[in-house]
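Notes follow once the structure below has been shown.
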Amino acid sequence: MPAEDEARQTSDRFYAALNRMLNGDAGPLSEVWSHEADVTTMHPIGGRQVGWEQVRPVWEQVAHICSGGQVRLDDQLLRTGGDLAYEVGTERGQGTMAGQTLTFEHRVTNDYRREDGGWKIVHHHSDVSPEMQARLSRLQSQQGHTTS
């Protein structure tokens, strides 16, 4: 199978796993992500994580407060070269985050790398979402007030 088709299948698995995360289950993301120390994310909620040990907990934290969500990748452009691939596009979706329904549209870049005969995602970067950041900030404030 051509490398571009293999990378596209990994992208499909990543977005299926992302949809599971938006419904409270971050587990499938572990299967599609590389677990190496050089993986990175820059989420719509802000921040930057480097290494699987930083990337994984953020997915789990977001899954814990999400439900009823869905996301799709539109305008996908995917290119491969050797053992690396990248895609750009627009993530569009909606979901409930900490009890509040949000709709989003973010530009996104994902990078993939061939590892052990298959493809894994090694980088996910999307536009920052002020709405998501505000919702998380309010949630953290509420939690801070209940534990003080």
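Going through the structure tokens in order, the chains are called A, B, and so on, while each chain numbers its residues from 1 and the ligands are numbered from 1 in the order shown.
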Who sits within 8 Å of Ala17 (chain A), only C-alpha atoms, same chain under 4 positions skipped, as a ChimeraX atom specification: /A:13,21,26-29,32
Could you list, as number ranges by chain, every residue within 8 Å of region 3-9 of chain A, counting only C-alpha atoms and ignoring same-chain residues fewer than 2 positions away? A: 1, 11-13, 78-80, 85, 112, 118-119
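For the pair CA of Ser137 (chain A) and CA of Glu91 (chain A), the interatomic distance is 22.6 Å.
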Quote the spacing between CA of Gln54 (chain A) and CA of Gln76 (chain A) in Å to one decimal place. 27.0 Å
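Our summary of the geometry notes that CA of Asp38 (chain A) is positioned 11.4 Å from CA of Arg113 (chain A).
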Polymer residues at most 6 Å from Gln70 (chain A), only C-alpha atoms, same-chain spacing of 4 or more positions, as a compact mmCIF listing (two decimals) with N, CA, C and O atoms, in the first residue's frame:
# COMPACT_ATOMS: atom_id res chain seq x y z
N ASN A 19 -12.69 11.42 18.49
CA ASN A 19 -14.14 11.41 18.73
C ASN A 19 -14.47 10.62 19.99
O ASN A 19 -15.36 11.02 20.75
N GLY A 93 -16.28 20.78 14.76
CA GLY A 93 -17.03 19.89 15.63
C GLY A 93 -17.79 20.62 16.70
O GLY A 93 -17.89 21.85 16.72
N GLN A 94 -18.31 19.82 17.62
CA GLN A 94 -19.04 20.34 18.76
C GLN A 94 -18.99 19.30 19.87
O GLN A 94 -18.64 18.16 19.63
DSSP strand (DSSP E) selection over chain A, as JSON, numbers by chain: {"A": [40, 41, 42, 43, 46, 47, 48, 49, 50, 66, 67, 68, 69, 70, 71, 72, 73, 74, 75, 76, 77, 78, 79, 80, 81, 84, 85, 86, 87, 88, 89, 90, 91, 92, 93, 94, 95, 96, 97, 100, 101, 102, 103, 104, 105, 106, 107, 108, 109, 110, 111, 112, 113, 114, 115, 118, 119, 120, 121, 122, 123, 124, 125, 126]}
Selected residue of minimal separation from Asp74 (chain A) among A:Thr109, A:Thr90, A:Gln61, A:Thr40, counting only C-alpha atoms: A:Thr90
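Nearest residue to Arg138 (chain A) among A:Val88, A:Ala98, A:Val71, A:Ile121 is A:Ala98, counting only C-alpha atoms.
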Could you find all residues in chain A that DSSP calls alpha helix (DSSP H) from the backbone, and write them as JSON, numbers by chain? {"A": [3, 4, 5, 6, 7, 8, 9, 10, 11, 12, 13, 14, 15, 16, 17, 18, 19, 20, 21, 27, 28, 29, 30, 31, 32, 52, 53, 54, 55, 56, 57, 58, 59, 60, 61, 62, 63, 64, 65, 130, 131, 132, 133, 134, 135, 136, 137, 138, 139, 140, 141, 142, 143, 144, 145, 146, 147]}
Which residues, written as a ChimeraX atom specification, have at least one atom at most 12 Å from Gln49 (chain A), with only C-alpha atoms counted and residues fewer than 5 positions away on the same chain left out? /A:37-43,54-59,122-125
Name all residues at most 10 Å from Glu115 (chain A) (count only C-alpha atoms; drop same-chain ones fewer than 6 positions away) and give them as a PDB file with all heavy atoms, in the first residue's frame.
ATOM      1  N   SER A  34       2.515   7.860  18.978  1.00  0.00           N
ATOM      2  CA  SER A  34       3.843   7.389  19.354  1.00  0.00           C
ATOM      3  C   SER A  34       4.016   7.657  20.846  1.00  0.00           C
ATOM      4  O   SER A  34       3.510   8.654  21.362  1.00  0.00           O
ATOM      5  CB  SER A  34       4.915   8.149  18.576  1.00  0.00           C
ATOM      6  OG  SER A  34       6.191   7.855  19.085  1.00  0.00           O
ATOM      7  N   ASP A  83       9.794   8.392   5.833  1.00  0.00           N
ATOM      8  CA  ASP A  83       9.112   7.892   7.019  1.00  0.00           C
ATOM      9  C   ASP A  83       8.324   8.967   7.750  1.00  0.00           C
ATOM     10  O   ASP A  83       7.930   8.777   8.898  1.00  0.00           O
ATOM     11  CB  ASP A  83      10.125   7.263   7.977  1.00  0.00           C
ATOM     12  CG  ASP A  83      10.665   5.941   7.440  1.00  0.00           C
ATOM     13  OD1 ASP A  83      10.004   5.343   6.569  1.00  0.00           O
ATOM     14  OD2 ASP A  83      11.739   5.515   7.891  1.00  0.00           O
ATOM     15  N   LEU A  84       8.102  10.113   7.108  1.00  0.00           N
ATOM     16  CA  LEU A  84       7.349  11.215   7.721  1.00  0.00           C
ATOM     17  C   LEU A  84       6.173  11.611   6.838  1.00  0.00           C
ATOM     18  O   LEU A  84       6.241  11.509   5.615  1.00  0.00           O
ATOM     19  CB  LEU A  84       8.246  12.432   7.946  1.00  0.00           C
ATOM     20  CG  LEU A  84       9.419  12.244   8.900  1.00  0.00           C
ATOM     21  CD1 LEU A  84      10.287  13.493   8.906  1.00  0.00           C
ATOM     22  CD2 LEU A  84       8.923  11.934  10.308  1.00  0.00           C
ATOM     23  N   ILE A 121       1.019   9.043  15.108  1.00  0.00           N
ATOM     24  CA  ILE A 121       1.013  10.498  15.164  1.00  0.00           C
ATOM     25  C   ILE A 121       2.093  10.935  16.156  1.00  0.00           C
ATOM     26  O   ILE A 121       2.282  10.322  17.208  1.00  0.00           O
ATOM     27  CB  ILE A 121      -0.378  11.065  15.525  1.00  0.00           C
ATOM     28  CG1 ILE A 121      -0.391  12.587  15.363  1.00  0.00           C
ATOM     29  CG2 ILE A 121      -0.868  10.598  16.866  1.00  0.00           C
ATOM     30  CD1 ILE A 121      -1.763  13.217  15.333  1.00  0.00           C
TER      31      ILE A 121
END
Contact table region 55-121 of chain A vs region 131-135 of chain A, cut-off 8 Å, shortest pair per residue, only C-alpha atoms, as a tab-separated table:
residue	atom	partner	partner_atom	distance
A:Met97	CA	A:Arg135	CA	7.7
A:Ala98	CA	A:Arg135	CA	7.5
A:Gln100	CA	A:Arg135	CA	7.8
A:Leu102	CA	A:Met132	CA	7.7
Would you put the residues from that selection into a file with N, CA, C and O atoms, as a PDB file, in the first residue's frame?
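Final output, saved to out-v4.pdb:
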ATOM      1  N   MET A  97     -18.341  20.453  27.075  1.00  0.00           N
ATOM      2  CA  MET A  97     -17.110  20.527  27.851  1.00  0.00           C
ATOM      3  C   MET A  97     -17.449  21.121  29.208  1.00  0.00           C
ATOM      4  O   MET A  97     -17.877  22.267  29.294  1.00  0.00           O
ATOM      5  N   ALA A  98     -17.317  20.295  30.245  1.00  0.00           N
ATOM      6  CA  ALA A  98     -17.633  20.731  31.604  1.00  0.00           C
ATOM      7  C   ALA A  98     -19.037  21.321  31.679  1.00  0.00           C
ATOM      8  O   ALA A  98     -19.269  22.361  32.274  1.00  0.00           O
ATOM      9  N   GLN A 100     -20.906  22.658  29.324  1.00  0.00           N
ATOM     10  CA  GLN A 100     -21.255  23.718  28.377  1.00  0.00           C
ATOM     11  C   GLN A 100     -21.050  23.220  26.952  1.00  0.00           C
ATOM     12  O   GLN A 100     -19.996  22.690  26.612  1.00  0.00           O
ATOM     13  N   LEU A 102     -20.126  23.522  23.228  1.00  0.00           N
ATOM     14  CA  LEU A 102     -19.226  24.359  22.444  1.00  0.00           C
ATOM     15  C   LEU A 102     -19.214  23.880  21.003  1.00  0.00           C
ATOM     16  O   LEU A 102     -19.265  22.687  20.740  1.00  0.00           O
TER      17      LEU A 102
END
